[in-house]
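A.B. asks: One structure coming up, written as structure tokens, with questions to follow.
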Amino acid sequence: MTATKGLEGIVATTSSISSIIDGALTYRGIDIDELAEHATFEEVAYLLWYGKLPTQSELDELVGQLGNYAPIPDQVIQQIKLYPKDTNSMAALRTAISSLALYDEDANEMSPESNLQKAIKLQAQLPTVVAAFARIREGLGPIAPKQGVTVAYNFLYMLTGQEPDEVAVKALDQALVLHADHELNASTFAARVTVATLSDIYSGVTSAIGALKGPLHGGANEAVMVMLEEIGSIDKVDSYIQHKLDNKDKIMGFGHRVYKNGDPRAKHLQKMSKELGKLTGNLELYEMSIRIESLVTGQKGLKPNVDFYSASVYTALKIPRDLFTPIFAISRLSGWTAHILEQYENNRIIRPRAEYTGPVGQHYIPINQR
Ligand SMILES: CC(=O)SCCNC(=O)CCNC(=O)[C@H](O)C(C)(C)COP(=O)(O)OP(=O)(O)OC[C@H]1O[C@@H](n2cnc3c(N)ncnc32)[C@H](O)[C@@H]1OP(=O)(O)O
Ligand SMILES: O=C([O-])CC(=O)C(=O)O
């Protein structure tokens, strides 16, 4: 038995949800470029869960269900009020999502119909949790979700208490489409491992949130913004990045386990970053990002991943830096739950082996002789 570090190149399951083949990403066989241009996030979530694009009435029904399920139990709001004000936002999300299970009497019901309903319910409630957390820590009251609006609209509305503008809703919606699923990434794998023991969907999603939090995965979008803030201005980019490259430090938002010739989602976010920069009259973060890309790609051959331009996009949307990864979770929840449903459909416990590298032939030594 020989271990492969980080399971690189190991095919751990079959899946019909999304694929990365020759550097192209598809959801249910549809190229991400087409979806980014034409689809709404609700259409994509439906596509991931049901395996086909919705008709207008199916879409209307889903939007209705998302609206009905969006309010969260008052007990969870009360708990969020007790979180320390400086709690890490992903830790707060992980805790709150786990708490939601306590107030769902169907949490442990395992029928496919019940699990699909819970997937939709979690999709509806996760944005409400993130927005409530963001407001409560500022001493503000949570805003009740609206009915009949999109996830992107509702999230921005619940965050600010104001009707969001069309450009912001469209930009966030496109970002949600781009982040919705990604084959067997670390958080999706964590979700599948958890539910493959026949544990419940809330446990699977809680595991996934824990995995997404790390800066090598979803946490990188926040880490990119930390880097941009540390750099501060365009004239400081070269010296900062050169120092990092010389030290062999990681540059957040670059590199990928699967894409070696570039992440197909990054160009869409780059374009959004430029357009939003122009609209807000502040292109500095976009220009800094372009310069960083040219240095890192030029010297290391590493390309930006989905997280790199997300940072300047979300900042242009006036979203606080530590909500970037929770927004990733709002989108990826659709993919996680589609994978959880697929895992249940054809389940076998996921239990690989480890190559043992410890000592052999040891003996127990009585405590007074150690
Ligand atoms: C949504 C997402 O999860 S996308 C990924 C988000 N994460 C990041 O942006 C964090 C920065 N990137 C990374 O840490 C990595 O590229 C990962 C985690 C994405 C992929 O990791 P791996 O597939 O294990 O790549 P690996 O670490 O083997 O990289 C190969 C080489 O490139 C280097 N490298 C990889 N990424 C970077 C980077 N961002 N900056 C500098 N060097 C890098 C590695 O140090 C390694 O160099 P070496 O061969 O001299 O040791
Ligand atoms: O697939 C990966 O390893 C990480 C990634 O890009 C994602 O989850 O979107």
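In the structure tokens, chains take the letters A, B, ... in the order shown, each chain's residues start at 1, and ligands count up from 1 in the order shown.
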What residues in region 72-277 of chain A get the DSSP label alpha helix (DSSP H)? Please answer as a ChimeraX atom specification.
C.D. replies: /A:74-82,89-100,112-136,151-160,166-179,186-195,201-212,220-231,237-246,266-277
A.B. asks: Using only C-alpha atoms and all ligand atoms, determine which residues fall within 8 Å of ligand 2, then list them as a list of chain:residue names.
C.D. replies: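 Answer in the requested format: A:His179, A:Ala180, A:Asp181, A:His182, A:Glu183, A:Leu184, A:Asn185, A:Ala186, A:Ser187, A:Thr188, A:His217, A:Gly218, A:His256, A:Arg257, A:Val258, A:Asp263, A:Asn305, A:Val306.
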A.B. asks: Just how far from CA of Gly255 (chain A) is atom 10 (C, counted along the ligand's line) of ligand 1, in Å to one decimal?
C.D. replies: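 Interatomic distance, atom 10 (C, counted along the ligand's line) of ligand 1 to CA of Gly255 (chain A): 6.7 Å.
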A.B. asks: Counting only C-alpha atoms, figure out which residue out of A:Gln125, A:Ser289, A:Thr13, A:Asn261 gets nearest to Val237 (chain A).
C.D. replies: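 Of A:Gln125, A:Ser289, A:Thr13, A:Asn261, the one nearest Val237 (chain A), counting only C-alpha atoms, is A:Ser289.
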A.B. asks: Excluding same-chain residues fewer than 4 positions from Pro304 (chain A), what lies within 8 Å of it counting only C-alpha atoms, as a PDB file with N, CA and C atoms, in the first residue's frame?
C.D. replies:
```pdb
ATOM      1  N   GLY A 253      -5.288  32.750  -3.742  1.00  0.00           N
ATOM      2  CA  GLY A 253      -6.083  32.935  -4.954  1.00  0.00           C
ATOM      3  C   GLY A 253      -5.382  32.440  -6.212  1.00  0.00           C
ATOM      4  N   PHE A 254      -4.220  31.799  -6.038  1.00  0.00           N
ATOM      5  CA  PHE A 254      -3.508  31.242  -7.199  1.00  0.00           C
ATOM      6  C   PHE A 254      -3.288  29.749  -7.010  1.00  0.00           C
ATOM      7  N   GLY A 255      -3.246  29.057  -8.137  1.00  0.00           N
ATOM      8  CA  GLY A 255      -2.969  27.626  -8.119  1.00  0.00           C
ATOM      9  C   GLY A 255      -4.245  26.818  -7.983  1.00  0.00           C
ATOM     10  N   GLY A 262      -5.348  27.172 -15.852  1.00  0.00           N
ATOM     11  CA  GLY A 262      -6.276  28.254 -15.539  1.00  0.00           C
ATOM     12  C   GLY A 262      -7.673  27.743 -15.208  1.00  0.00           C
ATOM     13  N   ASP A 263      -8.295  28.465 -14.280  1.00  0.00           N
ATOM     14  CA  ASP A 263      -9.630  28.132 -13.785  1.00  0.00           C
ATOM     15  C   ASP A 263     -10.640  28.846 -14.687  1.00  0.00           C
ATOM     16  N   ALA A 266     -12.425  32.048 -13.435  1.00  0.00           N
ATOM     17  CA  ALA A 266     -11.712  33.283 -13.038  1.00  0.00           C
ATOM     18  C   ALA A 266     -11.943  34.420 -14.032  1.00  0.00           C
ATOM     19  N   GLU A 293      -1.581  39.318 -10.855  1.00  0.00           N
ATOM     20  CA  GLU A 293      -1.690  38.170 -11.778  1.00  0.00           C
ATOM     21  C   GLU A 293      -0.500  38.155 -12.738  1.00  0.00           C
ATOM     22  N   PHE A 308      -9.661  34.428  -6.546  1.00  0.00           N
ATOM     23  CA  PHE A 308      -8.813  35.622  -6.653  1.00  0.00           C
ATOM     24  C   PHE A 308      -9.621  36.889  -6.959  1.00  0.00           C
ATOM     25  N   TYR A 309     -10.371  36.890  -8.050  1.00  0.00           N
ATOM     26  CA  TYR A 309     -11.113  38.104  -8.401  1.00  0.00           C
ATOM     27  C   TYR A 309     -12.420  38.238  -7.616  1.00  0.00           C
TER      28      TYR A 309
END
```
A.B. asks: Between A:Ile231, A:Leu62, A:Val129, A:Leu341, which residue has the minimum interatomic distance to Trp49 (chain A), considering only C-alpha atoms?
C.D. replies: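 Using only C-alpha atoms, the shortest distance to Trp49 (chain A) belongs to A:Leu341.
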